[in-house]
Every structure is written in C-alpha cells, then in structure tokens.
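Source file: my_file-v4.cif (mmCIF, C-alpha atoms (C1' of nucleotides))
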```
data_model
loop_
_atom_site.label_atom_id
_atom_site.label_comp_id
_atom_site.auth_asym_id
_atom_site.auth_seq_id
_atom_site.Cartn_x
_atom_site.Cartn_y
_atom_site.Cartn_z
CA MET A 78 343.23 94.98 -5.24
CA ALA A 79 344.01 96.21 -8.71
CA THR A 80 344.95 93.23 -10.84
CA GLY A 81 344.71 95.60 -13.76
CA PHE A 82 342.40 95.38 -16.76
CA PRO A 83 342.90 92.61 -19.27
CA PRO A 84 344.57 94.28 -22.25
CA PRO A 85 342.31 92.56 -24.80
CA LEU A 86 339.31 94.31 -23.26
CA LEU A 87 340.92 97.72 -23.03
CA ASP A 88 340.47 98.45 -26.71
CA ARG A 89 336.85 97.42 -26.63
CA LEU A 90 334.76 100.56 -26.59
CA SER A 91 331.79 98.95 -24.87
CA TYR A 92 334.04 97.68 -22.10
CA LEU A 93 335.66 101.04 -21.44
CA LEU A 94 332.35 102.85 -21.52
CA GLY A 95 330.68 100.22 -19.38
CA LYS A 96 333.29 100.36 -16.65
CA LEU A 97 333.31 104.12 -16.48
CA HIS A 98 329.52 104.27 -16.72
CA PHE A 99 329.24 101.97 -13.73
CA ARG A 100 331.68 104.07 -11.72
CA ALA A 101 329.85 107.25 -12.63
CA LEU A 102 326.48 105.83 -11.58
CA GLU A 103 327.93 104.64 -8.31
CA ALA A 104 329.70 107.90 -7.46
CA GLU A 105 326.78 110.10 -8.45
CA GLY A 106 324.38 107.84 -6.57
CA GLU A 107 326.45 107.98 -3.40
CA GLY A 108 326.68 111.73 -3.68
CA LEU A 109 322.92 112.10 -4.07
CA ALA A 110 322.06 109.61 -1.33
CA SER A 111 322.16 112.36 1.29
CA LEU A 112 319.24 114.00 -0.51
CA ASN A 113 317.24 110.75 -0.63
CA VAL A 114 317.10 110.76 -4.41
CA ASN A 115 318.76 108.46 -6.88
CA VAL A 116 320.45 109.45 -10.12
CA LYS A 117 317.36 109.02 -12.26
CA GLN A 118 315.20 110.97 -9.84
CA HIS A 119 317.63 113.85 -9.76
CA ALA A 120 317.80 113.84 -13.54
CA ALA A 121 314.01 114.17 -13.58
CA LEU A 122 314.21 117.14 -11.20
CA SER A 123 316.76 118.79 -13.48
CA VAL A 124 314.56 118.36 -16.52
CA LEU A 125 311.64 119.92 -14.64
CA VAL A 126 313.78 122.82 -13.44
CA GLU A 127 315.08 123.54 -16.88
CA GLU A 128 311.92 122.96 -18.91
CA GLY A 129 309.09 123.64 -16.49
CA PRO A 130 306.02 121.57 -15.60
CA MET A 131 305.17 118.72 -17.94
CA THR A 132 303.20 115.47 -18.00
CA GLN A 133 304.71 112.11 -17.03
CA GLN A 134 304.50 111.09 -20.67
CA GLU A 135 306.54 114.09 -21.74
CA LEU A 136 309.07 113.56 -18.98
CA GLY A 137 309.56 110.00 -20.13
CA GLN A 138 310.16 111.13 -23.69
CA ARG A 139 312.67 113.73 -22.56
CA MET A 140 314.54 111.19 -20.47
CA GLY A 141 314.27 108.31 -22.91
CA ILE A 142 312.45 105.99 -20.52
CA ASP A 143 309.10 104.24 -20.70
CA ARG A 144 306.05 105.85 -19.11
CA THR A 145 305.65 102.87 -16.79
CA THR A 146 309.15 103.54 -15.50
CA VAL A 147 308.29 107.19 -15.01
CA VAL A 148 305.59 106.16 -12.54
CA SER A 149 308.06 104.72 -10.04
CA VAL A 150 310.49 107.61 -10.49
CA VAL A 151 307.76 110.15 -9.80
CA ASP A 152 306.34 108.03 -6.96
CA GLY A 153 309.61 108.45 -5.10
CA LEU A 154 309.79 112.18 -5.76
CA ASP A 155 306.15 112.57 -4.76
CA ASP A 156 306.63 110.64 -1.52
CA GLY A 157 309.60 112.85 -0.70
CA GLY A 158 307.56 115.99 -1.31
CA LEU A 159 309.86 117.13 -4.11
CA VAL A 160 307.27 117.04 -6.86
CA GLU A 161 303.51 117.41 -6.98
CA ARG A 162 301.11 115.68 -9.32
CA ARG A 163 298.59 118.33 -10.32
CA ARG A 164 295.73 117.47 -12.61
CA SER A 165 296.17 119.27 -15.89
CA PRO A 166 293.29 121.72 -16.41
CA ALA A 167 293.54 121.16 -20.14
CA ASP A 168 293.41 117.35 -19.97
CA ARG A 169 292.20 115.78 -16.76
CA ARG A 170 293.70 112.40 -17.59
CA ALA A 171 297.18 113.86 -17.32
CA TYR A 172 299.20 115.19 -14.42
CA LEU A 173 301.27 118.32 -14.65
CA LEU A 174 304.41 117.51 -12.70
CA THR A 175 305.37 120.54 -10.66
CA LEU A 176 308.41 121.10 -8.48
CA THR A 177 307.90 122.02 -4.85
CA PRO A 178 310.30 124.45 -3.16
CA SER A 179 312.02 121.42 -1.60
CA GLY A 180 312.28 119.93 -5.07
CA CYS A 181 313.96 123.05 -6.45
CA ASP A 182 316.31 123.05 -3.52
CA ALA A 183 317.16 119.37 -3.89
CA GLU A 184 317.86 119.84 -7.59
CA GLU A 185 320.23 122.71 -6.90
CA ARG A 186 322.12 120.95 -4.15
CA GLY A 187 322.15 117.72 -6.11
CA ARG A 188 323.77 119.42 -9.04
CA HIS A 189 326.73 120.38 -6.91
CA LEU A 190 326.96 116.89 -5.42
CA VAL A 191 326.94 115.37 -8.90
CA ALA A 192 329.63 117.78 -10.04
CA GLU A 193 331.81 116.80 -7.08
CA ALA A 194 331.25 113.11 -7.69
CA GLU A 195 332.22 113.51 -11.32
CA LYS A 196 335.42 115.27 -10.42
CA GLU A 197 336.19 112.25 -8.27
CA ILE A 198 335.46 109.81 -11.10
CA LEU A 199 337.73 111.73 -13.43
CA GLU A 200 340.47 112.36 -10.93
CA GLY A 201 342.91 110.74 -13.35
CA LEU A 202 342.37 113.64 -15.73
CA ASP A 203 343.22 117.30 -15.32
CA GLU A 204 340.54 119.91 -15.90
CA PRO A 205 341.17 120.53 -19.61
CA ASP A 206 341.09 116.78 -20.28
CA ARG A 207 337.84 116.40 -18.34
CA ALA A 208 336.28 119.04 -20.54
CA ARG A 209 337.74 117.37 -23.62
CA LEU A 210 336.25 114.01 -22.61
CA ARG A 211 332.81 115.51 -22.13
CA GLU A 212 333.03 117.34 -25.40
CA LEU A 213 334.04 114.20 -27.27
CA LEU A 214 331.23 112.20 -25.70
CA VAL A 215 328.65 114.81 -26.65
CA ARG A 216 329.99 115.04 -30.16
CA ALA A 217 330.07 111.26 -30.55
CA LEU A 218 326.43 111.09 -29.52
CA GLY A 219 325.44 113.62 -32.16
CA THR A 220 322.25 115.68 -31.99
CA GLY A 221 319.85 112.96 -31.01
CA MET B 93 313.30 111.05 -34.84
CA ALA B 94 315.86 113.09 -33.03
CA THR B 95 314.06 115.30 -30.54
CA GLY B 96 317.51 116.05 -29.21
CA PHE B 97 318.85 115.33 -25.76
CA PRO B 98 317.53 117.33 -22.84
CA PRO B 99 320.29 119.86 -22.07
CA PRO B 100 320.13 119.25 -18.30
CA LEU B 101 321.16 115.65 -18.87
CA LEU B 102 323.94 116.44 -21.32
CA ASP B 103 326.34 117.55 -18.62
CA ARG B 104 325.69 114.47 -16.53
CA LEU B 105 328.58 112.11 -17.02
CA SER B 106 326.57 108.98 -16.23
CA TYR B 107 323.99 109.95 -18.83
CA LEU B 108 326.53 110.55 -21.58
CA LEU B 109 328.42 107.37 -20.79
CA GLY B 110 325.22 105.36 -20.48
CA LYS B 111 323.89 106.44 -23.85
CA LEU B 112 327.12 105.77 -25.68
CA HIS B 113 327.64 102.52 -23.79
CA PHE B 114 324.25 101.31 -24.91
CA ARG B 115 324.98 102.21 -28.51
CA ALA B 116 328.33 100.50 -28.38
CA LEU B 117 326.85 97.29 -26.99
CA GLU B 118 324.17 97.31 -29.63
CA ALA B 119 326.51 97.96 -32.55
CA GLU B 120 329.13 95.47 -31.42
CA GLY B 121 326.44 92.90 -30.73
CA GLU B 122 324.93 93.27 -34.19
CA GLY B 123 328.36 92.97 -35.74
CA LEU B 124 329.13 89.79 -33.82
CA ALA B 125 325.74 88.21 -34.40
CA SER B 126 326.94 86.68 -37.66
CA LEU B 127 329.44 84.65 -35.63
CA ASN B 128 326.77 83.49 -33.18
CA VAL B 129 328.54 85.04 -30.21
CA ASN B 130 327.54 87.99 -28.08
CA VAL B 131 329.81 90.76 -26.86
CA LYS B 132 330.64 89.07 -23.58
CA GLN B 133 331.41 85.77 -25.27
CA HIS B 134 333.73 87.40 -27.75
CA ALA B 135 335.46 89.25 -24.94
CA ALA B 136 336.05 85.89 -23.28
CA LEU B 137 337.55 84.51 -26.49
CA SER B 138 339.88 87.50 -26.69
CA VAL B 139 341.08 87.01 -23.13
CA LEU B 140 341.81 83.35 -23.88
CA VAL B 141 343.63 84.22 -27.10
CA GLU B 142 345.79 86.78 -25.41
CA GLU B 143 346.45 85.02 -22.13
CA GLY B 144 346.15 81.33 -22.92
CA PRO B 145 344.12 78.56 -21.23
CA MET B 146 342.77 79.35 -17.79
CA THR B 147 340.07 78.17 -15.37
CA GLN B 148 336.57 79.60 -15.32
CA GLN B 149 337.36 81.21 -12.02
CA GLU B 150 340.35 83.01 -13.49
CA LEU B 151 338.41 84.07 -16.56
CA GLY B 152 335.76 85.59 -14.32
CA GLN B 153 338.38 87.54 -12.40
CA ARG B 154 339.95 88.82 -15.60
CA MET B 155 336.60 89.92 -16.96
CA GLY B 156 335.23 91.25 -13.71
CA ILE B 157 332.20 88.96 -13.64
CA ASP B 158 330.99 86.40 -11.11
CA ARG B 159 331.93 82.75 -11.59
CA THR B 160 328.25 81.80 -11.85
CA THR B 161 327.97 84.19 -14.78
CA VAL B 162 331.01 82.62 -16.38
CA VAL B 163 329.16 79.31 -16.51
CA SER B 164 326.52 80.60 -18.94
CA VAL B 165 329.10 82.47 -21.04
CA VAL B 166 331.23 79.35 -21.40
CA ASP B 167 328.14 77.17 -21.96
CA GLY B 168 327.40 79.13 -25.10
CA LEU B 169 330.97 78.98 -26.35
CA ASP B 170 331.13 75.27 -25.56
CA ASP B 171 327.87 74.56 -27.40
CA GLY B 172 329.23 76.44 -30.41
CA GLY B 173 332.42 74.41 -30.36
CA LEU B 174 334.57 77.51 -29.84
CA VAL B 175 335.95 76.48 -26.49
CA GLU B 176 336.63 73.17 -24.78
CA ARG B 177 336.38 72.39 -21.09
CA ARG B 178 339.36 70.20 -20.31
CA ARG B 179 339.92 68.89 -16.83
CA SER B 180 343.00 70.46 -15.35
CA PRO B 181 345.63 67.78 -14.65
CA ALA B 182 346.86 69.83 -11.71
CA ASP B 183 343.44 70.27 -10.09
CA ARG B 184 340.68 67.99 -11.20
CA ARG B 185 337.97 70.23 -9.78
CA ALA B 186 338.82 72.90 -12.33
CA TYR B 187 338.46 73.09 -16.08
CA LEU B 188 341.16 74.52 -18.28
CA LEU B 189 339.31 76.53 -20.89
CA THR B 190 340.97 75.95 -24.25
CA LEU B 191 340.21 77.57 -27.58
CA THR B 192 339.37 75.33 -30.51
CA PRO B 193 340.53 76.29 -34.02
CA SER B 194 337.01 77.59 -34.67
CA GLY B 195 337.30 79.61 -31.50
CA CYS B 196 340.56 81.21 -32.62
CA ASP B 197 339.02 81.97 -35.97
CA ALA B 198 335.89 83.48 -34.45
CA GLU B 199 337.98 85.67 -32.16
CA GLU B 200 340.02 86.96 -35.07
CA ARG B 201 337.04 87.70 -37.28
CA GLY B 202 335.10 89.11 -34.38
CA ARG B 203 337.85 91.57 -33.63
CA HIS B 204 337.48 93.08 -37.09
CA LEU B 205 333.69 93.18 -36.79
CA VAL B 206 333.97 94.96 -33.46
CA ALA B 207 336.44 97.46 -34.91
CA GLU B 208 334.05 98.21 -37.76
CA ALA B 209 331.11 98.58 -35.41
CA GLU B 210 333.08 101.00 -33.26
CA LYS B 211 333.97 103.13 -36.23
CA GLU B 212 330.26 103.34 -36.88
CA ILE B 213 329.48 104.35 -33.30
CA LEU B 214 332.08 107.09 -33.43
CA GLU B 215 331.27 108.29 -36.91
CA GLY B 216 330.76 111.78 -35.48
CA LEU B 217 334.47 111.92 -34.69
CA ASP B 218 337.44 111.92 -37.01
CA GLU B 219 340.22 109.41 -36.48
CA PRO B 220 342.45 111.51 -34.21
CA ASP B 221 339.46 112.33 -32.00
CA ARG B 222 338.48 108.66 -31.79
CA ALA B 223 341.95 107.85 -30.55
CA ARG B 224 341.79 110.77 -28.13
CA LEU B 225 338.47 109.54 -26.72
CA ARG B 226 339.83 106.04 -26.16
CA GLU B 227 342.95 107.40 -24.57
CA LEU B 228 340.97 109.63 -22.21
CA LEU B 229 338.68 106.76 -21.22
CA VAL B 230 341.61 104.49 -20.45
CA ARG B 231 343.36 107.20 -18.49
CA ALA B 232 340.19 108.04 -16.55
CA LEU B 233 339.87 104.39 -15.57
CA GLY B 234 343.38 104.27 -14.25
CA THR B 235 345.33 101.08 -13.76
CA GLY B 236 342.67 98.97 -12.19
"C1'" DT C 80 337.76 72.72 6.02
"C1'" DA C 81 338.22 75.16 1.59
"C1'" DT C 82 337.58 75.53 -3.37
"C1'" DT C 83 335.70 74.58 -8.54
"C1'" DG C 84 331.98 74.33 -11.14
"C1'" DT C 85 327.09 74.02 -10.97
"C1'" DT C 86 322.21 74.81 -9.89
"C1'" DA C 87 318.38 77.07 -7.73
"C1'" DT C 88 316.92 81.18 -6.26
"C1'" DA C 89 316.32 86.06 -5.71
"C1'" DC C 90 316.99 90.70 -6.91
"C1'" DT C 91 317.26 94.77 -10.04
"C1'" DC C 92 315.87 97.08 -13.89
"C1'" DT C 93 312.97 97.77 -17.44
"C1'" DA C 94 309.45 96.90 -20.84
"C1'" DT C 95 304.74 94.81 -22.60
"C1'" DA C 96 299.83 94.03 -21.80
"C1'" DA C 97 295.80 95.02 -19.59
"C1'" DC C 98 292.91 98.09 -16.68
"C1'" DT C 99 290.59 102.98 -15.33
"C1'" DA C 100 289.36 107.32 -16.23
"C1'" DT C 101 289.10 110.53 -19.13
"C1'" DA C 102 289.03 112.50 -24.17
"C1'" DT D 133 288.38 104.85 -30.44
"C1'" DA D 134 292.34 106.61 -28.47
"C1'" DT D 135 295.28 108.37 -24.69
"C1'" DA D 136 297.39 109.33 -19.50
"C1'" DG D 137 298.45 107.08 -15.73
"C1'" DT D 138 298.56 102.77 -13.25
"C1'" DT D 139 299.13 97.87 -12.19
"C1'" DA D 140 300.44 93.16 -12.97
"C1'" DT D 141 303.51 90.55 -15.20
"C1'" DA D 142 307.43 88.95 -17.67
"C1'" DG D 143 312.04 89.24 -19.42
"C1'" DA D 144 317.11 90.15 -19.28
"C1'" DG D 145 321.00 90.35 -16.47
"C1'" DT D 146 323.50 89.32 -12.54
"C1'" DA D 147 324.42 88.00 -7.88
"C1'" DT D 148 323.92 85.04 -3.38
"C1'" DA D 149 323.31 80.45 -1.25
"C1'" DA D 150 323.61 75.72 -1.39
"C1'" DC D 151 325.32 71.32 -3.44
"C1'" DA D 152 328.67 67.67 -5.45
"C1'" DA D 153 333.28 66.53 -6.45
"C1'" DT D 154 337.84 67.31 -5.31
"C1'" DA D 155 341.67 69.42 -2.71
#
```
Can you give me the file's structure in the form of structure tokens?
Amino acid sequence: MATGFPPPLLDRLSYLLGKLHFRALEAEGEGLASLNVNVKQHAALSVLVEEGPMTQQELGQRMGIDRTTVVSVVDGLDDGGLVERRRSPADRRAYLLTLTPSGCDAEERGRHLVAEAEKEILEGLDEPDRARLRELLVRALGTG
Amino acid sequence: MATGFPPPLLDRLSYLLGKLHFRALEAEGEGLASLNVNVKQHAALSVLVEEGPMTQQELGQRMGIDRTTVVSVVDGLDDGGLVERRRSPADRRAYLLTLTPSGCDAEERGRHLVAEAEKEILEGLDEPDRARLRELLVRALGTG
DNA sequence: TATTGTTATACTCTATAACTATA
DNA sequence: TATAGTTATAGAGTATAACAATA
C-alpha cells in the first residue's frame, strides 16, 4: 500500500537512484528467470556476444567485478551449458570463455526480456522521456 | 583509468542506475563524514526534521527499512547525541525519537554537504539537465 | 494475544588472502 | 617471480526468529 515517499528523501539523489535501481534489478531478474540466468549472468553473455571470447580476468574488468566473483558467474553459465571454458592455446593458465549456441540464443532472448522489463519499470514515462532518462544517465556517468 | 563502459551494458537500466547509485552513495557519504553520520543516518535526521518526533517503527516505515535495521541507525545517532530516545507517554513500549539541537544542526549542515556532493556527481550535466534527471527519476518512481 | 524495541542468527553479496598450475 | 583461476574466509548490509516489556 503506497504510503508515498517521504518528501525529505525525494530530493536525495542516492535515494532516488537506489529505489529505481532496486526495481530495475527485480524486474530484469524476474524477466530473465525463465532463461535460468540472473542479471549479472546475462550481462556477461552480452559482453561475450559483443566482444567475443575473452578470459575470466578480462570479463571481470569489462564488467567491473572482481575475478573471484567472475568464477561464480561463469560457474552458473557453464553448468547451464551457455558458456564453455576452453584452455587458451596462448596461455594455458587462462580460459577463453566461449559462447555455446544455447548461450547465444539465451543472450538474444534475454535482451528482449530485459527490454520488456525496463518498459515496465519506466511505465510512468512516455517513450521520449524514457530515452531522455537513459541519455541523461549515460551522460552523467561520463566516459568511464 | 577509464577503459570505458562496455557498450552492451550501457543500455541496461539496472547497470546505469547501479553505477550512478554507487557513485552517489560514495560522494554523499564522503561529504557527510565530517559530521560523523552516514547517508542513512542523515536521511533519518531529515525525516525527523520534516515530520517531527516518531517511533522507530514509524521511522522504518517512512524510510523503507526493517525495524531491526532502524535500531543500529538510531544507535549511532543516539551515541552522537543527535537524537534522543524518549519513552512515549501514550505507549511505554515505544520510543519517541526526538532531535537534539545538535541533531537539527547536523541535519541542516548535512543537507548542504549532500547538495554539494550531488553537484559533483552530476558535473557532466548542466543545471537544467540535473533538474530534468531528478524530475524523471521521481516521475518514474511514481507516487509510492 | 499482539506489538515495540532488542538481540541472535542467517543470508546475500562481494572482496581479500592463500593455494595450484602454469608462465 | 608473477599471473589465471580457484577456494576459503571475512566483511558489510539486511532480514527473519525469538525474547522482554508493555498493551
């Protein structure tokens, strides 16, 4: 039951962002659940689709997460048969993470599910405003 | 060193919001550190300033956090002498959280520190765009 | 019997340190 | 010696369950 947000918190940027962030994670996660991947795992798939095979170390750097965290993310994808760990010929300590056909498929379908979920999250905004919000967020974040 | 964000993640709403949320928490937290309160504690002070004395239960509902979490938030404020736990005359199980003069002062000064920190976070945007971003976030969140 | 504040406990998420196998 | 992946462990953050005092 909507008691409404306390006004003093509504002008706090971290509060606004936190609330919406939580909703986004929840909605995207529910959308992706049918594919048996979570938000972070699908993000990993997307990086691999867009940038090709890479080591776990590199994936972690791209995603901004520690390499120990990458292990559990990839474990799940590996168990689900969405990604394969292939020994790198160039450096046999490292794996070259490679998408399986199922992995490609899951990424593709997941992208649509995420898009739908996000439309739901932003249902209070019309399409131009949704685009504006995204654009402002990207611009606020800068280049890196 | 800015390696840039992976493009596949840049159109993921949860990723954008998460990154900026993290930055906001960090910047606001650093700003408030000089007052020996964290972001959540200052938010509590603001709710009490705006809405007057209330029980811990009510504060938790206003802030959207569990009452067990409220305990530690108020513990810190109590230790710092910013808030007093006064037994409610109407219901002696409950405390009526009341701001001390130091608490009022800290809230006031904190509000300016937060505002400065947020300007920093959004330095990539000019003033009209900052206002637009806030407005879009509030509208996306809806009424409750 | 229900509720307020509290404590103890557990769970999630993530990072640090230490291990192994390679380099 | 340094690095990739892994494991064990610890830390922050928050919630659930149980308890004492009060309603």
Using the chain letters and numbers from the file, give me the residues hit by the PyMOL selection byres ((chain D and resi 136-146) around 9), as a ChimeraX atom specification. /A:132-134,144-145,148,168-172 /B:157-158,160-161 /C:90-101 /D:135,147
Output the selection as an mmCIF file, in the coordinates of the input - C-alpha atoms (C1' of nucleotides) for each residue.
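The new file again.cif reads:
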```
data_model
loop_
_atom_site.group_PDB
_atom_site.id
_atom_site.type_symbol
_atom_site.label_atom_id
_atom_site.label_comp_id
_atom_site.auth_asym_id
_atom_site.auth_seq_id
_atom_site.Cartn_x
_atom_site.Cartn_y
_atom_site.Cartn_z
ATOM 1 C CA THR A 132 303.200 115.470 -18.000
ATOM 2 C CA GLN A 133 304.710 112.110 -17.030
ATOM 3 C CA GLN A 134 304.500 111.090 -20.670
ATOM 4 C CA ARG A 144 306.050 105.850 -19.110
ATOM 5 C CA THR A 145 305.650 102.870 -16.790
ATOM 6 C CA VAL A 148 305.590 106.160 -12.540
ATOM 7 C CA ASP A 168 293.410 117.350 -19.970
ATOM 8 C CA ARG A 169 292.200 115.780 -16.760
ATOM 9 C CA ARG A 170 293.700 112.400 -17.590
ATOM 10 C CA ALA A 171 297.180 113.860 -17.320
ATOM 11 C CA TYR A 172 299.200 115.190 -14.420
ATOM 12 C CA ILE B 157 332.200 88.960 -13.640
ATOM 13 C CA ASP B 158 330.990 86.400 -11.110
ATOM 14 C CA THR B 160 328.250 81.800 -11.850
ATOM 15 C CA THR B 161 327.970 84.190 -14.780
ATOM 16 C "C1'" DC C 90 316.990 90.700 -6.910
ATOM 17 C "C1'" DT C 91 317.260 94.770 -10.040
ATOM 18 C "C1'" DC C 92 315.870 97.080 -13.890
ATOM 19 C "C1'" DT C 93 312.970 97.770 -17.440
ATOM 20 C "C1'" DA C 94 309.450 96.900 -20.840
ATOM 21 C "C1'" DT C 95 304.740 94.810 -22.600
ATOM 22 C "C1'" DA C 96 299.830 94.030 -21.800
ATOM 23 C "C1'" DA C 97 295.800 95.020 -19.590
ATOM 24 C "C1'" DC C 98 292.910 98.090 -16.680
ATOM 25 C "C1'" DT C 99 290.590 102.980 -15.330
ATOM 26 C "C1'" DA C 100 289.360 107.320 -16.230
ATOM 27 C "C1'" DT C 101 289.100 110.530 -19.130
ATOM 28 C "C1'" DT D 135 295.280 108.370 -24.690
ATOM 29 C "C1'" DA D 147 324.420 88.000 -7.880
#
```
Write out as JSON an axis-aligned box for segment 171-180 of chain B: all of its atoms listed in the file, 5 Å added on each side, centre and edge lengths in Å with one decimal.
```
{"center_x": 335.4, "center_y": 73.2, "center_z": -22.9, "size_x": 25.1, "size_y": 18.6, "size_z": 25.1}
```
Find the spatial neighbours of DT86 of chain C, counting only C-alpha atoms (C1' of nucleotides), within a cut-off of 12 Å - ignore same-chain residues fewer than 6 positions away - and output them as a PyMOL selection string. (chain B and resi 160+163-164) or (chain D and resi 149-152)
Using only C-alpha atoms, find the residues of chain A whose closest atom to chain B is at most 8 Å away, then write them as a ChimeraX atom specification. /A:79-83,85-91,93-99,101-102,105,120,123-124,127,139-140,191,195,198-202,206,210-211,213-221
Atom CA of Ala208 of chain A and atom CA of Gly108 of chain A, how far apart in Å?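 These atoms are spaced 20.7 Å apart.
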Identify all chain C residues at most 10 Å from chain B by counting all atoms listed in the file; ligands do not count. Present them as a ChimeraX atom specification. /C:82-86
Can you tell me how far atom CA of Gly202 of chain B sits from atom CA of Gly173 of chain B, in Å to one decimal? 15.5 Å
Quick one: distance from atom CA of Asp167 of chain B to atom C1' of DA81 of chain C in Å, one decimal?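 Pair atom CA of Asp167 of chain B / atom C1' of DA81 of chain C returns 25.7 Å.
Using only C-alpha atoms (C1' of nucleotides), the residues found no farther than 6 Å from segment 173-175 of chain A, other than those of its own chain fewer than 5 positions away, are Pro130, Met131, Thr132, Val160, Glu161, Arg162, Arg163, Arg164 and Ser165 of chain A.
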Among the residues A:Asp156, A:Glu197, A:Glu107, A:Glu135, the one that comes closest to chain D [using all atoms listed in the file]: A:Glu135
Under the rule that all atoms listed in the file are counted, which of B:Ala182, B:Asp170, B:Ala125, B:Glu199 is the nearest residue to chain D? B:Ala182
